[in-house]
file input16.pdb (PDB, C-alpha atoms and all ligand atoms)
ATOM      1  CA  MET A   1       9.187  21.977 -12.464
ATOM      2  CA  SER A   2       9.057  18.216 -13.048
ATOM      3  CA  LYS A   3       5.642  16.634 -13.489
ATOM      4  CA  PHE A   4       6.762  14.113 -10.856
ATOM      5  CA  ASP A   5       7.347  16.863  -8.296
ATOM      6  CA  LEU A   6       5.155  16.606  -5.186
ATOM      7  CA  THR A   7       6.130  19.865  -3.496
ATOM      8  CA  GLY A   8       3.246  21.103  -1.381
ATOM      9  CA  ARG A   9       1.423  17.752  -1.271
ATOM     10  CA  LYS A  10       0.574  16.128   2.042
ATOM     11  CA  ALA A  11       0.662  12.345   2.239
ATOM     12  CA  LEU A  12      -0.397   9.671   4.730
ATOM     13  CA  VAL A  13       1.380   6.316   4.296
ATOM     14  CA  THR A  14      -0.117   3.391   6.200
ATOM     15  CA  GLY A  15       2.235   0.659   7.344
ATOM     16  CA  GLY A  16       5.038   3.151   6.785
ATOM     17  CA  ALA A  17       7.166   2.061   9.750
ATOM     18  CA  ARG A  18       9.157  -0.478   7.737
ATOM     19  CA  GLY A  19       9.448  -2.359   4.450
ATOM     20  CA  LEU A  20       7.729  -1.068   1.342
ATOM     21  CA  GLY A  21       5.781   1.594   3.257
ATOM     22  CA  ALA A  22       8.955   3.135   4.706
ATOM     23  CA  GLY A  23      10.470   3.220   1.218
ATOM     24  CA  MET A  24       7.349   4.811  -0.237
ATOM     25  CA  ALA A  25       7.312   7.447   2.518
ATOM     26  CA  GLU A  26      10.963   8.219   1.767
ATOM     27  CA  ALA A  27      10.351   8.493  -1.990
ATOM     28  CA  LEU A  28       7.314  10.747  -1.523
ATOM     29  CA  ALA A  29       9.362  12.986   0.774
ATOM     30  CA  ALA A  30      12.251  13.030  -1.706
ATOM     31  CA  ALA A  31       9.755  14.180  -4.368
ATOM     32  CA  GLY A  32       8.794  17.100  -2.118
ATOM     33  CA  ALA A  33       5.741  15.878  -0.184
ATOM     34  CA  ALA A  34       5.184  16.270   3.544
ATOM     35  CA  VAL A  35       4.589  12.792   4.943
ATOM     36  CA  MET A  36       2.694  11.336   7.888
ATOM     37  CA  ILE A  37       3.523   7.731   8.715
ATOM     38  CA  GLY A  38       0.648   5.733  10.208
ATOM     39  CA  ASP A  39       1.352   2.327  11.765
ATOM     40  CA  ILE A  40       0.718   0.078  14.763
ATOM     41  CA  LEU A  41       4.515  -0.177  15.256
ATOM     42  CA  VAL A  42       5.003   2.966  17.328
ATOM     43  CA  ASP A  43       8.783   2.958  17.922
ATOM     44  CA  ALA A  44       9.691   1.943  14.354
ATOM     45  CA  GLY A  45       7.152   4.442  12.966
ATOM     46  CA  ARG A  46       8.575   7.303  15.028
ATOM     47  CA  ASP A  47      12.105   6.348  13.941
ATOM     48  CA  ALA A  48      11.058   6.285  10.266
ATOM     49  CA  ALA A  49       9.506   9.754  10.603
ATOM     50  CA  LYS A  50      12.655  11.030  12.351
ATOM     51  CA  THR A  51      14.778   9.677   9.504
ATOM     52  CA  LEU A  52      12.674  11.623   6.991
ATOM     53  CA  ALA A  53      12.833  14.779   9.082
ATOM     54  CA  GLY A  54      16.619  14.337   9.338
ATOM     55  CA  LYS A  55      16.758  14.519   5.550
ATOM     56  CA  GLY A  56      14.892  17.823   5.605
ATOM     57  CA  ALA A  57      11.337  16.608   4.986
ATOM     58  CA  LYS A  58       8.278  17.684   6.929
ATOM     59  CA  ALA A  59       7.306  14.373   8.509
ATOM     60  CA  GLY A  60       5.332  12.994  11.422
ATOM     61  CA  PHE A  61       4.025   9.772  12.932
ATOM     62  CA  VAL A  62       0.555   8.839  14.074
ATOM     63  CA  THR A  63      -0.524   5.559  15.638
ATOM     64  CA  LEU A  64      -2.948   4.000  13.173
ATOM     65  CA  ASP A  65      -4.635   0.610  13.228
ATOM     66  CA  VAL A  66      -6.195   0.487   9.785
ATOM     67  CA  THR A  67      -8.850  -2.001  10.927
ATOM     68  CA  ASP A  68     -10.330   0.558  13.326
ATOM     69  CA  GLU A  69     -12.588   3.391  12.188
ATOM     70  CA  ALA A  70     -11.869   5.684  15.151
ATOM     71  CA  SER A  71      -8.147   5.227  14.552
ATOM     72  CA  TRP A  72      -8.600   6.403  10.949
ATOM     73  CA  GLN A  73     -10.527   9.486  12.074
ATOM     74  CA  LYS A  74      -7.703  10.377  14.450
ATOM     75  CA  ALA A  75      -4.984   9.749  11.854
ATOM     76  CA  VAL A  76      -6.650  11.841   9.159
ATOM     77  CA  ALA A  77      -7.261  14.690  11.612
ATOM     78  CA  ALA A  78      -3.613  14.524  12.728
ATOM     79  CA  THR A  79      -2.416  14.567   9.110
ATOM     80  CA  ILE A  80      -4.472  17.642   8.289
ATOM     81  CA  SER A  81      -3.521  19.535  11.447
ATOM     82  CA  GLU A  82       0.193  18.636  11.475
ATOM     83  CA  LEU A  83       0.912  18.784   7.728
ATOM     84  CA  GLY A  84      -1.639  21.469   6.833
ATOM     85  CA  GLY A  85      -3.674  19.365   4.404
ATOM     86  CA  TYR A  86      -4.249  15.897   2.957
ATOM     87  CA  ASP A  87      -3.791  15.116  -0.758
ATOM     88  CA  ILE A  88      -2.261  11.638  -0.913
ATOM     89  CA  LEU A  89      -3.137   8.342   0.743
ATOM     90  CA  VAL A  90      -0.923   5.300   0.282
ATOM     91  CA  ASN A  91      -2.950   2.322   1.539
ATOM     92  CA  ASN A  92       0.078   0.107   2.129
ATOM     93  CA  ALA A  93      -0.527  -1.661   5.484
ATOM     94  CA  GLY A  94      -1.069  -5.352   4.901
ATOM     95  CA  VAL A  95      -0.578  -8.825   6.344
ATOM     96  CA  GLU A  96       0.112 -12.183   4.715
ATOM     97  CA  ILE A  97      -0.496 -15.494   6.493
ATOM     98  CA  THR A  98       0.580 -18.471   4.399
ATOM     99  CA  SER A  99      -1.490 -21.668   4.401
ATOM    100  CA  LEU A 100      -2.477 -24.461   2.094
ATOM    101  CA  VAL A 101      -6.214 -24.260   1.433
ATOM    102  CA  ILE A 102      -6.642 -27.672   3.077
ATOM    103  CA  ASP A 103      -5.238 -26.278   6.365
ATOM    104  CA  VAL A 104      -6.637 -22.746   6.313
ATOM    105  CA  LYS A 105      -7.750 -21.231   9.648
ATOM    106  CA  ALA A 106     -10.799 -18.974   9.965
ATOM    107  CA  ALA A 107      -8.941 -16.594  12.284
ATOM    108  CA  ASP A 108      -6.128 -16.129   9.749
ATOM    109  CA  LEU A 109      -8.558 -15.440   6.916
ATOM    110  CA  ALA A 110     -10.441 -12.979   9.119
ATOM    111  CA  ARG A 111      -7.205 -11.168  10.055
ATOM    112  CA  MET A 112      -6.166 -10.778   6.406
ATOM    113  CA  CYS A 113      -9.662  -9.553   5.511
ATOM    114  CA  ALA A 114      -9.577  -7.064   8.400
ATOM    115  CA  VAL A 115      -6.216  -5.502   7.543
ATOM    116  CA  ASN A 116      -6.087  -5.896   3.767
ATOM    117  CA  ILE A 117      -9.746  -5.331   2.835
ATOM    118  CA  VAL A 118     -11.387  -3.445   5.715
ATOM    119  CA  GLY A 119      -8.229  -1.376   6.265
ATOM    120  CA  THR A 120      -8.028  -0.384   2.618
ATOM    121  CA  GLY A 121     -11.747   0.358   2.358
ATOM    122  CA  LEU A 122     -11.754   2.556   5.467
ATOM    123  CA  GLY A 123      -8.705   4.383   4.142
ATOM    124  CA  MET A 124     -10.543   5.171   0.914
ATOM    125  CA  LYS A 125     -13.644   6.278   2.822
ATOM    126  CA  HIS A 126     -11.841   8.702   5.099
ATOM    127  CA  ALA A 127      -9.656  10.018   2.276
ATOM    128  CA  PHE A 128     -12.734  10.772   0.165
ATOM    129  CA  ARG A 129     -14.455  12.513   3.083
ATOM    130  CA  ALA A 130     -11.429  14.679   3.810
ATOM    131  CA  MET A 131     -10.237  15.399   0.261
ATOM    132  CA  LYS A 132     -13.484  16.018  -1.634
ATOM    133  CA  PRO A 133     -14.737  19.571  -2.165
ATOM    134  CA  GLY A 134     -16.115  20.870   1.130
ATOM    135  CA  GLY A 135     -14.098  18.328   3.158
ATOM    136  CA  PRO A 136     -11.613  19.465   5.794
ATOM    137  CA  ALA A 137      -8.732  19.165   3.279
ATOM    138  CA  GLY A 138     -10.964  19.817   0.278
ATOM    139  CA  LYS A 139      -8.547  19.913  -2.669
ATOM    140  CA  GLY A 140      -8.952  16.429  -4.188
ATOM    141  CA  GLY A 141      -5.939  14.174  -4.424
ATOM    142  CA  ALA A 142      -4.695  10.684  -5.147
ATOM    143  CA  ILE A 143      -5.037   7.302  -3.464
ATOM    144  CA  VAL A 144      -2.650   4.459  -4.253
ATOM    145  CA  SER A 145      -3.381   1.095  -2.653
ATOM    146  CA  ILE A 146      -0.843  -1.714  -2.551
ATOM    147  CA  ALA A 147      -2.379  -4.877  -3.969
ATOM    148  CA  SER A 148      -0.017  -7.661  -5.142
ATOM    149  CA  VAL A 149       1.012  -9.763  -8.090
ATOM    150  CA  ALA A 150      -0.909 -12.359  -6.051
ATOM    151  CA  ALA A 151      -4.083 -10.683  -7.353
ATOM    152  CA  THR A 152      -3.066 -11.553 -10.914
ATOM    153  CA  ILE A 153      -1.489 -15.031 -10.715
ATOM    154  CA  ALA A 154      -2.067 -18.279  -8.805
ATOM    155  CA  PHE A 155       0.877 -18.976  -6.474
ATOM    156  CA  PRO A 156       0.432 -21.924  -4.078
ATOM    157  CA  GLY A 157       0.122 -21.308  -0.335
ATOM    158  CA  ILE A 158      -1.435 -17.850  -0.493
ATOM    159  CA  ALA A 159      -5.091 -18.389  -1.439
ATOM    160  CA  GLY A 160      -6.535 -16.192   1.312
ATOM    161  CA  TYR A 161      -3.989 -13.436   0.803
ATOM    162  CA  SER A 162      -4.531 -13.514  -2.972
ATOM    163  CA  GLY A 163      -8.278 -13.170  -2.411
ATOM    164  CA  THR A 164      -7.811 -10.103  -0.224
ATOM    165  CA  LYS A 165      -5.493  -8.481  -2.772
ATOM    166  CA  SER A 166      -7.984  -9.176  -5.580
ATOM    167  CA  ALA A 167     -10.499  -7.338  -3.382
ATOM    168  CA  VAL A 168      -8.125  -4.347  -3.167
ATOM    169  CA  ASP A 169      -7.981  -4.329  -6.953
ATOM    170  CA  ARG A 170     -11.794  -4.369  -7.348
ATOM    171  CA  MET A 171     -12.346  -1.751  -4.629
ATOM    172  CA  THR A 172      -9.853   0.498  -6.410
ATOM    173  CA  ARG A 173     -11.852   0.388  -9.634
ATOM    174  CA  VAL A 174     -15.233   0.976  -7.986
ATOM    175  CA  ALA A 175     -13.852   3.781  -5.802
ATOM    176  CA  ALA A 176     -12.314   5.469  -8.864
ATOM    177  CA  THR A 177     -15.667   5.321 -10.634
ATOM    178  CA  GLU A 178     -17.537   6.821  -7.680
ATOM    179  CA  SER A 179     -14.936   9.554  -7.216
ATOM    180  CA  GLY A 180     -15.161  10.522 -10.866
ATOM    181  CA  LYS A 181     -18.938  10.424 -11.103
ATOM    182  CA  LEU A 182     -19.535  12.211  -7.811
ATOM    183  CA  GLY A 183     -16.872  14.884  -8.375
ATOM    184  CA  TYR A 184     -14.567  14.118  -5.446
ATOM    185  CA  GLY A 185     -11.482  15.041  -7.484
ATOM    186  CA  VAL A 186      -9.567  12.037  -6.152
ATOM    187  CA  ARG A 187      -7.785   9.624  -8.495
ATOM    188  CA  VAL A 188      -7.750   6.050  -7.190
ATOM    189  CA  ASN A 189      -5.229   3.467  -8.385
ATOM    190  CA  CYS A 190      -3.363   0.447  -7.082
ATOM    191  CA  ILE A 191      -0.115  -1.351  -7.843
ATOM    192  CA  TYR A 192       0.615  -5.068  -7.946
ATOM    193  CA  PRO A 193       4.137  -5.523  -6.539
ATOM    194  CA  GLY A 194       6.092  -8.645  -7.273
ATOM    195  CA  LEU A 195       8.002 -10.375  -4.467
ATOM    196  CA  VAL A 196      10.274  -7.995  -2.534
ATOM    197  CA  PRO A 197      12.555  -9.355   0.228
ATOM    198  CA  THR A 198      11.088  -7.289   3.075
ATOM    199  CA  ASP A 199      10.160  -8.909   6.407
ATOM    200  CA  MET A 200       6.916 -10.064   4.780
ATOM    201  CA  GLY A 201       8.580 -11.287   1.580
ATOM    202  CA  MET A 202      11.228 -13.318   3.433
ATOM    203  CA  GLN A 203       8.663 -14.768   5.834
ATOM    204  CA  LEU A 204       6.597 -15.924   2.846
ATOM    205  CA  ALA A 205       9.609 -17.650   1.283
ATOM    206  CA  GLY A 206      10.117 -19.577   4.544
ATOM    207  CA  ASP A 207       6.431 -20.354   5.038
ATOM    208  CA  VAL A 208       5.948 -21.988   1.622
ATOM    209  CA  VAL A 209       8.829 -24.306   2.547
ATOM    210  CA  ALA A 210       7.132 -25.160   5.868
ATOM    211  CA  ALA A 211       3.942 -25.881   3.891
ATOM    212  CA  GLY A 212       5.877 -28.482   1.880
ATOM    213  CA  LEU A 213       5.633 -26.618  -1.421
ATOM    214  CA  PHE A 214       9.360 -26.030  -1.995
ATOM    215  CA  PRO A 215      12.463 -27.809  -0.672
ATOM    216  CA  SER A 216      14.095 -24.554   0.493
ATOM    217  CA  ALA A 217      13.550 -20.782   0.638
ATOM    218  CA  GLU A 218      16.184 -20.469  -2.112
ATOM    219  CA  ALA A 219      14.123 -22.798  -4.316
ATOM    220  CA  ALA A 220      10.954 -20.763  -3.640
ATOM    221  CA  VAL A 221      12.741 -17.505  -4.519
ATOM    222  CA  GLY A 222      14.253 -19.207  -7.572
ATOM    223  CA  ALA A 223      10.766 -20.245  -8.730
ATOM    224  CA  VAL A 224       9.575 -16.644  -8.464
ATOM    225  CA  ILE A 225      12.595 -15.335 -10.380
ATOM    226  CA  GLY A 226      12.106 -18.076 -12.978
ATOM    227  CA  GLN A 227       8.537 -16.845 -13.538
ATOM    228  CA  THR A 228       9.743 -13.215 -13.868
ATOM    229  CA  PRO A 229      10.776 -12.055 -17.359
ATOM    230  CA  LEU A 230      13.104  -9.374 -15.956
ATOM    231  CA  GLY A 231      14.825 -12.135 -13.972
ATOM    232  CA  ARG A 232      15.107 -10.711 -10.468
ATOM    233  CA  LEU A 233      13.126  -9.978  -7.316
ATOM    234  CA  GLY A 234      11.558  -6.562  -6.814
ATOM    235  CA  GLU A 235      13.275  -3.839  -4.815
ATOM    236  CA  VAL A 236      11.627  -1.392  -2.444
ATOM    237  CA  SER A 237      12.561   1.502  -4.738
ATOM    238  CA  ASP A 238      10.822  -0.191  -7.706
ATOM    239  CA  MET A 239       7.523   0.034  -5.795
ATOM    240  CA  ALA A 240       8.194   3.458  -4.290
ATOM    241  CA  ASP A 241       8.913   5.054  -7.673
ATOM    242  CA  ALA A 242       5.659   3.648  -9.119
ATOM    243  CA  VAL A 243       3.748   5.145  -6.178
ATOM    244  CA  VAL A 244       5.361   8.557  -6.691
ATOM    245  CA  PHE A 245       4.394   8.407 -10.370
ATOM    246  CA  LEU A 246       0.747   7.542  -9.640
ATOM    247  CA  CYS A 247       0.509  10.324  -7.030
ATOM    248  CA  SER A 248       2.028  12.924  -9.338
ATOM    249  CA  ASP A 249       0.627  15.139 -12.068
ATOM    250  CA  ALA A 250       2.373  12.886 -14.592
ATOM    251  CA  ALA A 251      -0.514  10.468 -13.871
ATOM    252  CA  ARG A 252      -3.219  13.148 -14.004
ATOM    253  CA  PHE A 253      -5.417  11.200 -16.486
ATOM    254  CA  ILE A 254      -4.919   7.805 -14.834
ATOM    255  CA  THR A 255      -7.553   6.474 -12.455
ATOM    256  CA  GLY A 256      -9.078   3.075 -11.721
ATOM    257  CA  VAL A 257      -6.046   1.067 -12.810
ATOM    258  CA  GLY A 258      -3.905  -1.624 -11.262
ATOM    259  CA  LEU A 259      -0.286  -1.198 -12.341
ATOM    260  CA  PRO A 260       1.865  -4.340 -12.301
ATOM    261  CA  VAL A 261       5.320  -3.583 -10.824
ATOM    262  CA  ASP A 262       6.470  -7.170 -10.975
ATOM    263  CA  GLY A 263       9.145  -7.492 -13.669
ATOM    264  CA  GLY A 264       6.495  -9.118 -15.870
ATOM    265  CA  MET A 265       5.676 -11.993 -13.482
ATOM    266  CA  GLY A 266       1.916 -11.539 -13.899
ATOM    267  CA  THR A 267       2.047 -11.168 -17.674
TER     268      THR A 267
HETATM  269  N1  LIG A 301       6.974  -7.742   0.203
HETATM  270  C1  LIG A 301       6.365  -8.267  -0.822
HETATM  271  O1  LIG A 301       6.887  -9.171  -1.493
HETATM  272  C2  LIG A 301       5.014  -7.751  -1.248
HETATM  273  C3  LIG A 301       4.546  -8.128  -2.507
HETATM  274  C4  LIG A 301       3.294  -7.688  -2.927
HETATM  275  C5  LIG A 301       2.553  -6.870  -2.096
HETATM  276  N2  LIG A 301       3.023  -6.520  -0.873
HETATM  277  C6  LIG A 301       2.183  -5.649  -0.050
HETATM  278  O2  LIG A 301       2.908  -4.476   0.242
HETATM  279  C7  LIG A 301       2.502  -3.962   1.515
HETATM  280  C8  LIG A 301       3.728  -3.772   2.401
HETATM  281  O3  LIG A 301       4.386  -5.029   2.537
HETATM  282  P1  LIG A 301       5.817  -5.201   3.231
HETATM  283  O4  LIG A 301       6.504  -6.250   2.486
HETATM  284  O5  LIG A 301       6.447  -3.892   3.453
HETATM  285  O6  LIG A 301       5.337  -5.838   4.634
HETATM  286  P2  LIG A 301       5.936  -5.662   6.108
HETATM  287  O7  LIG A 301       5.308  -6.744   6.918
HETATM  288  O8  LIG A 301       7.403  -5.550   6.080
HETATM  289  O9  LIG A 301       5.327  -4.250   6.561
HETATM  290  C9  LIG A 301       3.941  -4.098   6.730
HETATM  291  C10 LIG A 301       3.679  -2.879   7.590
HETATM  292  O10 LIG A 301       2.246  -2.794   7.782
HETATM  293  C11 LIG A 301       2.008  -2.539   9.160
HETATM  294  N3  LIG A 301       0.688  -3.013   9.582
HETATM  295  C12 LIG A 301       0.257  -4.287   9.686
HETATM  296  N4  LIG A 301      -0.998  -4.304  10.180
HETATM  297  C13 LIG A 301      -1.360  -3.013  10.377
HETATM  298  C14 LIG A 301      -2.530  -2.386  10.867
HETATM  299  N5  LIG A 301      -3.587  -3.097  11.296
HETATM  300  N6  LIG A 301      -2.575  -1.034  10.906
HETATM  301  C15 LIG A 301      -1.496  -0.301  10.507
HETATM  302  N7  LIG A 301      -0.356  -0.840  10.057
HETATM  303  C16 LIG A 301      -0.299  -2.183   9.998
HETATM  304  C17 LIG A 301       3.135  -3.286   9.873
HETATM  305  O11 LIG A 301       3.288  -2.859  11.213
HETATM  306  C18 LIG A 301       4.325  -2.983   8.984
HETATM  307  O12 LIG A 301       4.945  -1.765   9.318
HETATM  308  C19 LIG A 301       1.498  -4.966   2.057
HETATM  309  O13 LIG A 301       0.183  -4.525   1.767
HETATM  310  C20 LIG A 301       1.809  -6.223   1.283
HETATM  311  O14 LIG A 301       0.704  -7.083   1.227
HETATM  312  C21 LIG A 301       4.242  -6.939  -0.429
END
call {"tool": "encode", "arguments": {"input": "input16.pdb", "output": "structure tokens"}}
result
Amino acid sequence: MSKFDLTGRKALVTGGARGLGAGMAEALAAAGAAVMIGDILVDAGRDAAKTLAGKGAKAGFVTLDVTDEASWQKAVAATISELGGYDILVNNAGVEITSLVIDVKAADLARMCAVNIVGTGLGMKHAFRAMKPGGPAGKGGAIVSIASVAATIAFPGIAGYSGTKSAVDRMTRVAATESGKLGYGVRVNCIYPGLVPTDMGMQLAGDVVAAGLFPSAEAAVGAVIGQTPLGRLGEVSDMADAVVFLCSDAARFITGVGLPVDGGMGT
């Protein structure tokens, strides 16, 4: 059996209703995992789960607002009861609100902190509690959080977002250390995706134009590609395959890292 095979694993993917999360859910299912999609977008989340089930995967949907502790408790319980366990968390839900520093709004910063930092931290907490020995799932596992190339470079217009993704990176390393030292049996890693033209990626390209940083969305995208040694934008499957790798036994001795999946942009 391939070391990348995830047969028998049970995964919860936050923000899995669309974009990168939907692609990650699909790739995990294709590798053999049962997948629970957690999102605030109920109709799109249910549709994404149905699509996976239509391809023969065991899949479900649970309403999850990652900023809310009670919502996490419900989602983890639903994952364990519906899938029969909990071995993989993909902390993917995130928001990006573009602003020049000189115009930044407290409410926007607070929203990004709530979803990107609090949401990721609560996901780690409830995964540890469920997956560690003696927990209701109890078999250890793997957490992959989705940071961003924005945690590794300075791109104008996204100061607040970059700060929250740097926090995801630091939390990953501390959580990995605690898990190792305290014997939770959970590997904790993150990836730094480059720009991918999802809803979020395309919105960002438009917003940096509105902020006066680029003459057009094409120019903004061109600047990103120009900074990328592999000379293209990222694709959903680029990120999804990296997540499958980090969740699999092929990554069994890897914890506490941030893996750039950015075509070299952050190098
Ligand atoms: N697209 C990119 O270029 C890019 C690059 C680097 C990192 N990322 C990161 O990848 C992740 C996915 O991005 P995407 O491009 O697919 O974005 P997207 O906006 O297309 O999808 C984000 C998903 O997260 C969900 N979500 C938002 N707030 C939530 C909450 N409170 N609780 C639960 N779900 C919530 C949304 O409903 C949506 O389904 C994000 O963390 C993002 O910051 C994206």
call {"tool": "closest_residue", "arguments": {"input": "input16.pdb", "among": "A:Ser179, A:Asn91, A:Ser145, A:Thr98", "to": "Gly157 of chain A", "atoms": "all atoms listed in the file"}}
result
A:Thr98
call {"tool": "atom_distance", "arguments": {"input": "input16.pdb", "atom1": "atom C7 of ligand LIG 301 (chain A)", "atom2": "atom CA of Leu83 of chain A"}}
result
23.6 Å
call {"tool": "closest_residue", "arguments": {"input": "input16.pdb", "among": "A:Gln227, A:Ser162, A:Ser216, A:Ser248", "to": "ligand LIG 301 (chain A)", "atoms": "all atoms listed in the file"}}
result
A:Ser162
call {"tool": "atom_distance", "arguments": {"input": "input16.pdb", "atom1": "atom CA of Leu259 of chain A", "atom2": "atom CA of Ile191 of chain A"}}
result
4.5 Å
call {"tool": "closest_residue", "arguments": {"input": "input16.pdb", "among": "A:Gly231, A:Gly123, A:Gly85, A:Gly15", "to": "Thr172 of chain A", "atoms": "all atoms listed in the file"}}
result
A:Gly123
call {"tool": "residues_around", "arguments": {"input": "input16.pdb", "residues": "segment 44-48 of chain A", "least_positions_apart": "6", "cutoff": "7 Å", "atoms": "only C-alpha atoms", "output": "list of chain:residue names"}}
result
A:Gly16, A:Ala17, A:Ala22, A:Ile37, A:Phe61
call {"tool": "closest_residue", "arguments": {"input": "input16.pdb", "among": "A:Ile158, A:Ala53, A:Val236, A:Leu6", "to": "Asp207 of chain A", "atoms": "all atoms listed in the file"}}
result
A:Ile158
call {"tool": "resolve_selection", "arguments": {"input": "input16.pdb", "expression": "the PyMOL selection byres (((chain A and resi 118) around 12) and not hetatm)", "output": "PyMOL selection string"}}
result
chain A and resi 65-69+72+91+93-94+110-117+119-125+164-165+167-168+171
call {"tool": "resolve_selection", "arguments": {"input": "input16.pdb", "expression": "the PyMOL selection byres (((chain A and resi 131) around 9) and not hetatm)", "output": "JSON, numbers by chain"}}
result
{"A": [85, 86, 87, 88, 126, 127, 128, 129, 130, 132, 133, 134, 135, 136, 137, 138, 139, 140, 141, 184, 185, 186]}
call {"tool": "atom_distance", "arguments": {"input": "input16.pdb", "atom1": "atom CA of Gly263 of chain A", "atom2": "atom CA of Leu20 of chain A"}}
result
16.4 Å
call {"tool": "residues_around", "arguments": {"input": "input16.pdb", "residues": "Val188 of chain A", "least_positions_apart": "6", "cutoff": "9 Å", "atoms": "only C-alpha atoms", "output": "PyMOL selection string"}}
result
chain A and resi 124+141-145+172-173+175-177+179+246+254-257
call {"tool": "closest_residue", "arguments": {"input": "input16.pdb", "among": "A:Ala75, A:Leu100, A:Val149, A:Ala30", "to": "ligand LIG 301 (chain A)", "atoms": "all atoms listed in the file"}}
result
A:Val149
call {"tool": "closest_residue", "arguments": {"input": "input16.pdb", "among": "A:Gly163, A:Gly226, A:Pro197, A:Gly60", "to": "ligand LIG 301 (chain A)", "atoms": "all atoms listed in the file"}}
result
A:Pro197
call {"tool": "residues_around", "arguments": {"input": "input16.pdb", "residues": "Arg232 of chain A", "least_positions_apart": "5", "cutoff": "12 Å", "atoms": "only C-alpha atoms", "output": "MDAnalysis selection string"}}
result
chainID A and resid 194:197 221:227 238 262:265
call {"tool": "build_atoms", "arguments": {"input": "input16.pdb", "residues": "segment 31-42 of chain A", "atoms": "N, CA and C atoms", "output": "short mmCIF file (atom, residue, chain, number, x, y, z; two decimals), in the frame of the given file"}}
result
data_model
loop_
_atom_site.label_atom_id
_atom_site.label_comp_id
_atom_site.auth_asym_id
_atom_site.auth_seq_id
_atom_site.Cartn_x
_atom_site.Cartn_y
_atom_site.Cartn_z
N ALA A 31 10.42 13.47 -3.26
CA ALA A 31 9.76 14.18 -4.37
C ALA A 31 9.14 15.50 -3.91
N GLY A 32 9.23 15.79 -2.60
CA GLY A 32 8.79 17.10 -2.12
C GLY A 32 7.58 17.09 -1.21
N ALA A 33 6.95 15.92 -1.00
CA ALA A 33 5.74 15.88 -0.18
C ALA A 33 6.08 15.92 1.31
N ALA A 34 5.15 16.46 2.10
CA ALA A 34 5.18 16.27 3.54
C ALA A 34 4.51 14.93 3.83
N VAL A 35 5.05 14.18 4.78
CA VAL A 35 4.59 12.79 4.94
C VAL A 35 4.26 12.47 6.39
N MET A 36 3.08 11.89 6.59
CA MET A 36 2.69 11.34 7.89
C MET A 36 2.73 9.82 7.78
N ILE A 37 3.47 9.20 8.68
CA ILE A 37 3.52 7.73 8.72
C ILE A 37 2.49 7.25 9.73
N GLY A 38 1.64 6.32 9.31
CA GLY A 38 0.65 5.73 10.21
C GLY A 38 0.91 4.25 10.35
N ASP A 39 1.02 3.75 11.58
CA ASP A 39 1.35 2.33 11.76
C ASP A 39 0.99 1.92 13.18
N ILE A 40 0.89 0.59 13.39
CA ILE A 40 0.72 0.08 14.76
C ILE A 40 2.08 -0.09 15.45
N LEU A 41 3.16 -0.07 14.68
CA LEU A 41 4.51 -0.18 15.26
C LEU A 41 4.98 1.23 15.63
N VAL A 42 4.80 1.58 16.92
CA VAL A 42 5.00 2.97 17.33
C VAL A 42 6.48 3.36 17.28
#
